[in-house]
$ cat run.txt   # compact mmCIF, C-alpha atoms
# COMPACT_ATOMS: atom_id res chain seq x y z
CA MET X 13 -9.87 -6.17 -16.81
CA ARG X 14 -9.74 -3.56 -19.56
CA MET X 15 -12.17 -3.72 -22.49
CA TYR X 16 -10.29 -2.72 -25.62
CA GLN X 17 -11.79 -0.23 -27.99
CA ALA X 18 -11.71 -1.19 -31.64
CA SER X 19 -10.05 1.34 -33.92
CA LYS X 20 -12.05 2.86 -36.76
CA VAL X 21 -11.52 2.99 -40.50
CA SER X 22 -11.33 6.38 -42.18
CA GLY X 23 -14.93 6.13 -43.39
CA GLY X 24 -16.21 5.89 -39.83
CA GLY X 25 -17.12 2.19 -39.71
CA GLN X 26 -15.30 -0.58 -37.84
CA VAL X 27 -12.79 -2.90 -39.55
CA LEU X 28 -14.80 -6.10 -39.95
CA ASP X 29 -13.15 -7.95 -42.82
CA LEU X 30 -9.54 -9.12 -42.41
CA GLU X 31 -8.72 -9.47 -46.10
CA THR X 32 -10.05 -5.99 -46.92
CA ALA X 33 -8.28 -4.48 -43.93
CA VAL X 34 -4.90 -5.90 -44.99
CA LYS X 35 -5.38 -5.00 -48.64
CA ASP X 36 -6.36 -1.43 -47.79
CA GLY X 37 -3.37 -1.08 -45.48
CA ILE X 38 -5.54 -0.24 -42.44
CA LEU X 39 -3.61 -2.71 -40.27
CA GLY X 40 -0.23 -1.09 -40.64
CA GLY X 41 0.29 -0.38 -44.33
CA GLY X 42 -0.43 -3.70 -46.03
CA CYS X 43 1.04 -7.20 -45.71
CA GLY X 44 4.45 -6.14 -46.91
CA ALA X 45 4.76 -3.54 -44.16
CA LEU X 46 3.65 -5.98 -41.50
CA PHE X 47 5.57 -9.06 -42.49
CA GLY X 48 8.58 -7.46 -44.16
CA GLY X 49 10.26 -6.11 -41.03
CA VAL X 50 12.74 -8.31 -39.17
CA VAL X 51 12.82 -8.19 -35.39
CA ALA X 52 16.18 -9.09 -33.90
CA GLU X 53 14.72 -10.92 -30.91
CA LYS X 54 11.47 -12.77 -30.48
CA LEU X 55 9.01 -10.55 -28.64
CA ASP X 56 6.46 -11.94 -26.20
CA LEU X 57 2.96 -11.21 -27.49
CA LYS X 58 1.36 -11.45 -24.05
CA LYS X 59 3.79 -8.87 -22.66
CA MET X 60 3.21 -6.56 -25.61
CA VAL X 61 -0.58 -6.75 -25.21
CA VAL X 62 -0.27 -5.78 -21.54
CA GLU X 63 2.12 -2.86 -22.16
CA LEU X 64 0.05 -1.54 -25.07
CA GLU X 65 -3.31 -1.74 -23.31
CA SER X 66 -3.99 1.97 -23.84
CA VAL X 67 -3.64 1.67 -27.63
CA ASP X 68 -6.75 1.35 -29.83
CA VAL X 69 -6.62 -2.13 -31.41
CA PRO X 70 -8.17 -3.02 -34.81
CA SER X 71 -11.51 -4.76 -34.28
CA VAL X 72 -10.46 -7.88 -36.22
CA PHE X 73 -7.90 -8.55 -33.48
CA ILE X 74 -10.50 -8.45 -30.70
CA CYS X 75 -12.16 -11.63 -29.39
CA PRO X 76 -15.96 -11.10 -29.46
CA ILE X 77 -16.27 -12.98 -26.17
CA SER X 78 -13.68 -11.27 -23.93
CA LEU X 79 -13.35 -8.02 -25.95
CA GLU X 80 -9.57 -8.35 -25.59
CA PRO X 81 -6.87 -8.89 -28.24
CA MET X 82 -6.55 -12.51 -29.37
CA GLN X 83 -3.23 -14.29 -28.93
CA ASP X 84 -4.26 -17.76 -30.14
CA PRO X 85 -7.12 -17.14 -32.60
CA VAL X 86 -9.18 -20.10 -33.86
CA THR X 87 -11.97 -20.10 -36.43
CA LEU X 88 -15.30 -22.00 -36.23
CA CYS X 89 -17.20 -23.60 -39.09
CA THR X 90 -19.33 -20.43 -39.22
CA GLY X 91 -16.26 -18.39 -40.18
CA GLN X 92 -16.17 -16.47 -36.89
CA THR X 93 -12.87 -16.23 -35.02
CA TYR X 94 -12.32 -16.31 -31.24
CA GLU X 95 -9.53 -16.65 -28.71
CA ARG X 96 -9.01 -20.40 -28.23
CA SER X 97 -9.41 -20.44 -24.42
CA ASN X 98 -12.59 -18.36 -24.59
CA ILE X 99 -14.42 -20.48 -27.16
CA LEU X 100 -13.38 -23.72 -25.44
CA LYS X 101 -14.80 -22.36 -22.18
CA TRP X 102 -18.01 -21.51 -24.07
CA PHE X 103 -18.23 -25.14 -25.24
CA SER X 104 -17.49 -26.45 -21.72
CA LEU X 105 -20.57 -24.59 -20.46
CA GLY X 106 -22.74 -26.71 -22.75
CA HIS X 107 -23.12 -24.23 -25.61
CA PHE X 108 -22.79 -25.63 -29.14
CA THR X 109 -23.59 -22.44 -30.98
CA CYS X 110 -21.51 -19.61 -32.43
CA PRO X 111 -21.51 -16.83 -29.77
CA THR X 112 -21.65 -14.08 -32.39
CA THR X 113 -24.29 -15.43 -34.78
CA MET X 114 -25.97 -17.92 -32.38
CA GLN X 115 -26.03 -20.46 -35.24
CA GLU X 116 -25.96 -24.10 -34.23
CA LEU X 117 -22.61 -25.65 -35.12
CA TRP X 118 -22.58 -28.56 -37.56
CA ASP X 119 -18.91 -29.09 -36.70
CA ASP X 120 -17.48 -28.31 -33.24
CA SER X 121 -13.82 -28.42 -34.30
CA VAL X 122 -11.71 -25.26 -34.15
CA THR X 123 -9.12 -24.31 -36.76
CA PRO X 124 -6.02 -22.27 -35.79
CA ASN X 125 -6.00 -18.99 -37.72
CA LYS X 126 -2.23 -18.71 -38.26
CA THR X 127 -2.51 -15.82 -40.71
CA LEU X 128 -4.44 -13.68 -38.25
CA GLN X 129 -2.14 -14.71 -35.41
CA GLN X 130 0.92 -13.59 -37.40
CA LEU X 131 -0.82 -10.38 -38.35
CA ILE X 132 -1.66 -9.66 -34.70
CA TYR X 133 1.92 -10.41 -33.67
CA SER X 134 3.35 -8.16 -36.39
CA TRP X 135 1.00 -5.29 -35.58
CA PHE X 136 1.76 -5.40 -31.86
CA SER X 137 5.51 -5.78 -32.57
CA GLN X 138 5.52 -2.61 -34.66
CA LYS X 139 3.60 -0.64 -32.02
CA TYR X 140 5.74 -2.03 -29.19
CA LEU X 141 9.07 -1.27 -30.86
CA ALA X 142 7.89 2.24 -31.77
CA MET X 143 6.86 2.80 -28.14
CA LYS X 144 10.24 1.55 -26.92
CA LYS X 145 12.03 3.85 -29.33
CA ARG X 146 10.02 6.84 -28.12
CA SER X 147 10.73 5.83 -24.52
CA GLU X 148 14.47 5.60 -25.18
CA ASP X 149 14.40 9.02 -26.81
CA VAL X 150 12.59 10.45 -23.77
CA GLN X 151 15.03 8.87 -21.31
CA GLY X 152 17.93 10.33 -23.26
CA ARG X 153 16.35 13.77 -23.24
CA VAL X 154 15.82 13.58 -19.48
CA LEU X 155 19.51 12.88 -18.93
CA GLU X 156 20.40 15.85 -21.16
CA VAL X 157 18.08 18.17 -19.21
CA LEU X 158 19.47 16.99 -15.86
CA GLU X 159 22.99 17.64 -17.12
CA SER X 160 22.07 21.13 -18.33
CA LEU X 161 20.50 22.02 -14.96
CA LYS X 162 23.95 21.71 -13.39
CA LYS X 163 25.21 24.56 -15.58
CA VAL X 164 22.44 26.92 -16.66
CA LYS X 165 21.06 29.87 -14.67
CA GLY X 166 18.34 32.50 -14.95
CA GLN X 167 15.65 32.02 -17.57
CA ALA X 168 17.50 29.07 -19.11
CA ARG X 169 17.17 27.24 -15.79
CA VAL X 170 13.44 27.97 -15.68
CA GLN X 171 13.02 26.60 -19.21
CA ALA X 172 15.01 23.45 -18.38
CA LEU X 173 12.87 22.87 -15.29
CA LYS X 174 9.68 23.41 -17.32
CA GLU X 175 10.79 20.77 -19.82
CA LEU X 176 11.76 18.31 -17.08
CA ARG X 177 8.45 18.86 -15.35
CA GLN X 178 6.55 18.20 -18.58
CA LEU X 179 8.51 14.99 -19.14
CA VAL X 180 7.88 13.79 -15.57
CA VAL X 181 4.13 14.49 -15.79
CA THR X 182 3.70 13.01 -19.28
CA HIS X 183 5.89 9.88 -19.13
CA GLY X 184 5.62 7.58 -16.11
CA SER X 185 8.94 5.83 -16.89
CA VAL X 186 10.80 9.14 -16.64
CA LYS X 187 10.25 9.35 -12.89
CA LYS X 188 12.55 6.40 -12.22
CA THR X 189 15.20 7.84 -14.54
CA VAL X 190 15.17 11.15 -12.64
CA VAL X 191 15.41 9.38 -9.26
CA ASP X 192 18.12 6.93 -10.39
CA ASN X 193 20.30 9.72 -11.80
CA ASN X 194 20.35 11.87 -8.66
CA GLY X 195 17.74 14.20 -10.14
CA VAL X 196 15.85 14.65 -6.86
CA ALA X 197 18.92 15.95 -5.02
CA LEU X 198 19.73 18.21 -7.98
CA VAL X 199 16.25 19.78 -8.04
CA CYS X 200 16.22 20.11 -4.23
CA SER X 201 19.52 21.99 -4.38
CA LEU X 202 17.85 24.70 -6.47
CA LEU X 203 15.51 25.66 -3.59
CA GLY X 204 16.63 28.18 -1.00
CA HIS X 205 16.44 31.74 0.35
CA PHE X 206 17.39 33.35 -2.95
CA THR X 207 15.37 31.11 -5.28
CA SER X 208 12.99 32.99 -7.56
CA HIS X 209 9.36 31.91 -7.51
CA ALA X 210 9.63 31.00 -11.20
CA VAL X 211 12.34 28.42 -10.44
CA GLY X 212 10.69 27.32 -7.18
CA SER X 213 7.31 26.75 -8.83
CA GLU X 214 8.77 24.48 -11.52
CA ALA X 215 11.03 22.63 -9.08
CA ILE X 216 8.16 21.88 -6.67
CA GLY X 217 5.99 20.84 -9.62
CA ILE X 218 8.65 18.20 -10.37
CA LEU X 219 9.22 17.04 -6.78
CA VAL X 220 5.53 16.59 -6.01
CA ASN X 221 5.35 14.01 -8.82
CA LEU X 222 8.33 11.93 -7.63
CA GLU X 223 8.89 9.30 -4.94
CA LEU X 224 11.01 11.00 -2.29
CA ASP X 225 13.35 9.02 -0.04
CA LEU X 226 14.05 9.94 3.60
CA GLU X 227 17.26 11.76 2.75
CA SER X 228 15.51 13.96 0.18
CA MET X 229 12.71 14.72 2.66
CA GLU X 230 15.19 15.78 5.31
CA ILE X 231 16.85 18.12 2.81
CA LEU X 232 13.49 19.64 1.86
CA MET X 233 12.59 20.17 5.53
CA GLN X 234 15.48 22.61 5.95
CA PRO X 235 14.08 25.99 7.14
CA ALA X 236 15.13 27.91 4.01
CA LYS X 237 13.37 25.45 1.70
CA MET X 238 10.24 25.21 3.86
CA SER X 239 10.08 29.01 4.06
CA LEU X 240 10.17 29.22 0.26
CA MET X 241 7.33 26.70 -0.03
CA VAL X 242 5.20 28.63 2.46
CA ASP X 243 5.86 31.89 0.57
CA MET X 244 4.76 30.30 -2.71
CA LEU X 245 1.72 28.77 -1.01
CA ASN X 246 0.62 32.34 -0.28
CA GLU X 247 1.73 34.11 -3.46
CA GLY X 248 1.94 31.57 -6.30
CA SER X 249 -0.55 30.52 -8.96
CA ILE X 250 -3.32 28.14 -7.90
CA GLU X 251 -1.36 25.22 -9.37
CA THR X 252 1.75 26.23 -7.42
CA LYS X 253 -0.29 26.63 -4.23
CA ILE X 254 -1.74 23.14 -4.58
CA ASN X 255 1.67 21.62 -5.35
CA CYS X 256 3.26 23.36 -2.34
CA THR X 257 0.42 22.14 -0.12
CA LYS X 258 0.79 18.54 -1.32
CA LEU X 259 4.57 18.58 -0.92
CA ILE X 260 4.44 20.07 2.58
CA GLU X 261 1.90 17.41 3.59
CA THR X 262 4.14 14.67 2.20
CA LEU X 263 6.99 16.02 4.32
CA MET X 264 4.83 16.31 7.46
CA VAL X 265 2.97 12.98 7.51
CA GLY X 266 4.43 10.78 10.23
CA LYS X 267 7.42 13.12 10.70
CA ASP X 268 8.59 15.12 13.72
CA ILE X 269 8.76 18.36 11.78
CA GLY X 270 9.75 21.53 13.62
CA SER X 271 6.83 23.14 15.47
CA GLU X 272 7.96 26.60 14.32
CA ILE X 273 7.25 25.52 10.74
CA VAL X 274 3.95 23.77 11.49
CA SER X 275 2.64 26.69 13.53
CA SER X 276 3.84 29.30 11.04
CA LEU X 277 1.10 31.90 10.72
CA SER X 278 1.95 32.32 7.04
CA LEU X 279 1.36 28.60 6.46
CA LEU X 280 -1.96 28.58 8.32
CA VAL X 281 -3.22 31.78 6.69
CA GLY X 282 -2.28 30.46 3.26
CA LEU X 283 -4.17 27.22 3.91
CA LEU X 284 -7.30 29.07 4.99
CA ARG X 285 -7.18 31.23 1.87
CA LEU X 286 -6.99 28.06 -0.22
CA VAL X 287 -9.91 26.48 1.64
CA ARG X 288 -12.11 29.57 1.21
CA ASP X 289 -11.48 29.88 -2.53
CA LYS X 290 -14.50 28.03 -3.94
CA ARG X 291 -13.29 28.50 -7.54
CA TYR X 292 -10.79 25.66 -7.13
CA PRO X 293 -12.23 22.47 -5.53
CA ASN X 294 -8.84 20.73 -5.83
CA GLY X 295 -7.29 23.55 -3.85
CA VAL X 296 -9.99 23.30 -1.16
CA PHE X 297 -9.32 19.58 -0.75
CA ALA X 298 -5.53 20.02 -0.68
CA GLY X 299 -5.83 22.81 1.90
CA LEU X 300 -8.14 20.84 4.19
CA SER X 301 -5.99 17.74 3.89
CA LEU X 302 -2.88 19.62 5.03
CA LEU X 303 -4.87 21.41 7.76
CA LYS X 304 -5.89 18.00 9.09
CA THR X 305 -2.23 16.92 9.15
CA VAL X 306 -1.25 20.16 10.91
CA CYS X 307 -3.90 19.55 13.58
CA SER X 308 -2.41 16.12 14.30
CA HIS X 309 0.44 18.07 15.97
CA GLU X 310 -1.15 18.84 19.34
CA PRO X 311 1.12 21.78 20.33
CA VAL X 312 -0.01 23.87 17.33
CA ARG X 313 -3.78 23.47 17.74
CA SER X 314 -4.07 26.66 19.81
CA SER X 315 -2.40 28.60 16.99
CA VAL X 316 -4.86 27.12 14.51
CA VAL X 317 -7.77 28.35 16.66
CA SER X 318 -6.20 31.76 17.29
CA ILE X 319 -6.15 32.78 13.60
CA GLY X 320 -9.91 32.30 13.25
CA THR X 321 -9.94 28.84 11.64
CA ILE X 322 -13.17 27.69 13.30
CA PRO X 323 -15.62 30.38 12.08
CA GLN X 324 -14.09 30.23 8.60
CA LEU X 325 -14.53 26.44 8.39
CA VAL X 326 -18.06 26.62 9.77
CA GLU X 327 -19.05 29.13 7.08
CA VAL X 328 -17.76 26.97 4.19
CA LEU X 329 -19.41 23.72 5.40
CA PRO X 330 -22.62 24.12 3.31
CA ARG X 331 -20.73 24.24 0.00
CA LEU X 332 -18.16 21.46 0.56
CA ASN X 333 -18.36 18.12 -1.22
CA ASN X 334 -18.51 14.92 0.84
CA GLU X 335 -14.76 14.29 0.68
CA CYS X 336 -13.97 17.78 1.94
CA LEU X 337 -16.73 17.65 4.58
CA GLU X 338 -15.05 14.72 6.34
CA LEU X 339 -11.79 16.65 6.52
CA ALA X 340 -13.42 19.89 7.71
CA LEU X 341 -15.50 18.16 10.40
CA TYR X 342 -12.45 16.21 11.55
CA VAL X 343 -10.53 19.47 12.05
CA LEU X 344 -13.44 21.09 13.91
CA GLU X 345 -13.84 18.02 16.12
CA VAL X 346 -10.11 18.03 17.01
CA LEU X 347 -10.22 21.76 17.80
CA SER X 348 -13.34 21.26 19.96
CA THR X 349 -11.12 19.39 22.46
CA LEU X 350 -9.54 22.76 23.40
CA PRO X 351 -11.35 25.20 25.73
CA GLU X 352 -10.73 28.05 23.27
CA GLY X 353 -11.92 25.81 20.45
CA ARG X 354 -15.22 25.08 22.19
CA LEU X 355 -15.70 28.78 22.91
CA ALA X 356 -15.05 29.68 19.26
CA LEU X 357 -17.59 27.07 18.14
CA LYS X 358 -20.18 28.39 20.59
CA ASN X 359 -19.63 31.99 19.52
CA CYS X 360 -20.05 31.22 15.83
CA PRO X 361 -23.80 31.66 15.10
CA ASN X 362 -23.88 29.08 12.29
CA THR X 363 -22.06 26.27 14.08
CA ILE X 364 -25.17 24.50 15.34
CA PRO X 365 -27.43 24.78 12.25
CA ASN X 366 -24.65 23.95 9.79
CA VAL X 367 -23.42 20.95 11.77
CA VAL X 368 -26.91 19.62 12.58
CA ARG X 369 -27.76 19.60 8.87
CA LEU X 370 -24.85 17.23 8.18
CA MET X 371 -25.90 14.53 10.65
CA MET X 372 -27.10 11.29 9.01
CA LYS X 373 -26.52 12.91 5.63
CA VAL X 374 -22.96 12.21 4.43
CA SER X 375 -21.35 9.26 6.21
CA GLU X 376 -21.12 7.62 9.61
CA SER X 377 -17.75 9.33 10.16
CA CYS X 378 -19.27 12.76 9.47
CA THR X 379 -22.15 12.02 11.84
CA GLN X 380 -19.67 10.94 14.53
CA PHE X 381 -17.62 14.14 14.14
CA ALA X 382 -20.80 16.25 14.15
CA LEU X 383 -21.99 14.55 17.36
CA SER X 384 -18.69 15.30 19.11
CA ILE X 385 -18.78 18.95 18.01
CA LEU X 386 -22.39 19.45 19.13
CA TRP X 387 -21.78 17.69 22.44
CA ALA X 388 -18.80 19.98 23.15
CA VAL X 389 -20.85 23.11 22.38
CA CYS X 390 -24.04 22.09 24.22
CA LYS X 391 -22.08 20.89 27.25
CA LEU X 392 -20.32 24.27 27.42
CA ALA X 393 -23.57 26.29 27.52
CA PRO X 394 -26.51 23.86 27.85
CA GLU X 395 -29.29 26.37 28.41
CA GLU X 396 -28.35 28.58 25.47
CA CYS X 397 -26.99 26.04 22.97
CA ALA X 398 -29.27 23.06 23.65
CA SER X 399 -32.37 25.14 22.90
CA HIS X 400 -30.74 26.48 19.74
CA ALA X 401 -29.86 22.92 18.68
CA VAL X 402 -33.41 21.64 19.23
CA GLU X 403 -34.80 24.50 17.14
CA ALA X 404 -32.33 23.51 14.39
CA GLY X 405 -33.76 19.97 14.34
CA LEU X 406 -31.11 18.18 16.42
CA ALA X 407 -33.56 16.11 18.50
CA ALA X 408 -35.08 14.44 15.45
CA LYS X 409 -31.61 13.72 14.04
CA LEU X 410 -30.50 12.18 17.35
CA LEU X 411 -33.51 9.86 17.35
CA LEU X 412 -32.57 8.75 13.82
CA VAL X 413 -29.04 7.93 15.00
CA ILE X 414 -30.39 5.92 17.94
CA GLN X 415 -32.65 3.89 15.62
CA SER X 416 -30.00 3.43 12.91
CA GLY X 417 -27.27 0.83 12.49
CA CYS X 418 -24.60 3.17 13.85
CA SER X 419 -22.09 2.03 16.46
CA PRO X 420 -23.17 1.59 20.13
CA VAL X 421 -20.82 4.43 21.15
CA MET X 422 -22.58 6.84 18.77
CA LYS X 423 -25.99 5.71 19.98
CA GLN X 424 -24.94 6.24 23.60
CA ARG X 425 -23.60 9.71 22.86
CA SER X 426 -26.82 10.55 20.96
CA ALA X 427 -28.94 9.44 23.93
CA GLU X 428 -26.87 11.60 26.31
CA LEU X 429 -27.14 14.61 24.01
CA LEU X 430 -30.88 14.05 23.58
CA LYS X 431 -31.28 14.04 27.37
CA LEU X 432 -29.27 17.25 27.63
CA CYS X 433 -31.45 18.90 24.98
CA SER X 434 -34.70 17.95 26.76
CA LEU X 435 -33.89 19.59 30.09
CA ASN X 436 -35.45 22.96 29.19
CA TYR X 437 -38.72 21.55 27.84
CA THR X 438 -41.80 19.79 29.12
CA THR X 439 -42.32 16.31 27.66
CA THR X 440 -45.17 17.43 25.38
CA ILE X 441 -43.31 20.41 23.97
CA PHE X 442 -40.11 18.41 23.52
CA ILE X 443 -41.94 15.69 21.55
CA SER X 444 -43.42 18.35 19.30
CA LYS X 445 -39.94 19.83 18.78
CA CYS X 446 -38.68 16.42 17.68
CA LYS X 447 -41.01 16.59 14.63
CA LEU X 448 -41.88 12.90 15.14
CA THR X 449 -44.50 10.97 13.23
CA ARG X 450 -47.40 9.51 15.19
CA THR X 451 -45.96 6.02 14.79
CA ILE X 452 -42.62 6.95 16.38
CA GLN X 453 -44.38 8.83 19.19
$ encode --input "run.txt" --output "structure tokens"
Amino acid sequence: MRMYQASKVSGGGQVLDLETAVKDGILGGGCGALFGGVVAEKLDLKKMVVELESVDVPSVFICPISLEPMQDPVTLCTGQTYERSNILKWFSLGHFTCPTTMQELWDDSVTPNKTLQQLIYSWFSQKYLAMKKRSEDVQGRVLEVLESLKKVKGQARVQALKELRQLVVTHGSVKKTVVDNNGVALVCSLLGHFTSHAVGSEAIGILVNLELDLESMEILMQPAKMSLMVDMLNEGSIETKINCTKLIETLMVGKDIGSEIVSSLSLLVGLLRLVRDKRYPNGVFAGLSLLKTVCSHEPVRSSVVSIGTIPQLVEVLPRLNNECLELALYVLEVLSTLPEGRLALKNCPNTIPNVVRLMMKVSESCTQFALSILWAVCKLAPEECASHAVEAGLAAKLLLVIQSGCSPVMKQRSAELLKLCSLNYTTTIFISKCKLTRTIQ
């Protein structure tokens, strides 16, 4: 539940006195301004409070107990005012003091504060009606922009798309208006072979913020539109690249998208560029997320390996945040199921040290992916890779997994890998390589 922030007076202090606040016009311009307006229909205060939750509310409207706007304020004998349900609950818990001052009450009756209640209602009514008016103005403007997009071309079209994009990003209610007025189909129709990147960038910036139905997705999956998205993923601004990546992933998840699109070298190269660019963490995450989705299509995994994905992912592992690490390790684990994937992992000199470091460090999922990757590599070349892994500290990590609360499957795999690693050592040397404490030995 949201805790409302009290608004401030111009001098920097909080509004504490109701009479002074009304007289000074802090609560909406004085009593006349608040009570003089006539509202055609009775507005529901509870609904208004919910819809205006992001607005700073004057402190005199806030219940000191719940820190939320009062709807049925009552005043105690101490002069302090609370929401009725909150103070009655306070009394039901056996307290007979004023929660704010902690004075004992000489009279436990509560008096409805009708003046404050009317003031609260009037203040929220003004704010609510103003918000509605702004919303209606925005909806009208959206319809005008959609209508103009049917006619304008060139730079005028770019400007119209920029405005529509700004409206969609800024006002949540606009999204439904765009969808309900065939705006998605209209924006989709602007994408094709001859679409400029300026138009494409703005159009995709709009689409990525909207709920797309199946028909719209099928339209966007047409080769000409997908080709444009892939081009902009490689050549656009970082914001455009991220938006293209997100939109392509939305289109791919759970869909039987054409393998020629999924395995497009331009798409895969663009994703790897995004993942390697450490200046933009959001881009790294978006790129890895789509790469994970691409790898869920089994026929294209060989293409992913062939463009050098594995060594590039291995090299970026040390600088990834936890969220990105899970995605990167997932991709490496999936690619390790291919013979060429295992060979690429083995041939990358930093695979073993970088992956070993991540075991028992990030999450159980990461440890599980790391185990699978290391098992695939060590099984491929046990004499060479197992020794390398032990030197990197794998044996000690495996013992930690076995003694931890990880799943039985992980413990079993750890025991098998530990056995594989010990084959080239005598017992004494292997124990020393494990870096165990005397107690564990």
$ closest_residue --input "run.txt" --among "X:Ser78, X:Gln83, X:Asn294, X:Ser185" --to "Val62 of chain X" --atoms "only C-alpha atoms"
X:Gln83
$ closest_residue --input "run.txt" --among "X:Leu88, X:Val154, X:Leu350, X:Cys378" --to "Asn194 of chain X" --atoms "only C-alpha atoms"
X:Val154
$ atom_distance --input "run.txt" --atom1 "atom CA of His107 of chain X" --atom2 "atom CA of Val122 of chain X"
14.3 Å
$ residues_around --input "run.txt" --residues "Thr113 of chain X" --least-positions-apart "4" --cutoff "9 Å" --atoms "all atoms listed in the file" --output "list in words"
Thr90, Gln92 and Thr109 of chain X
$ atom_distance --input "run.txt" --atom1 "atom CA of Trp387 of chain X" --atom2 "atom CA of Lys431 of chain X"
11.3 Å
$ closest_residue --input "run.txt" --among "X:Asn255, X:Thr262, X:Arg331, X:Ser314" --to "Glu230 of chain X" --atoms "only C-alpha atoms"
X:Thr262
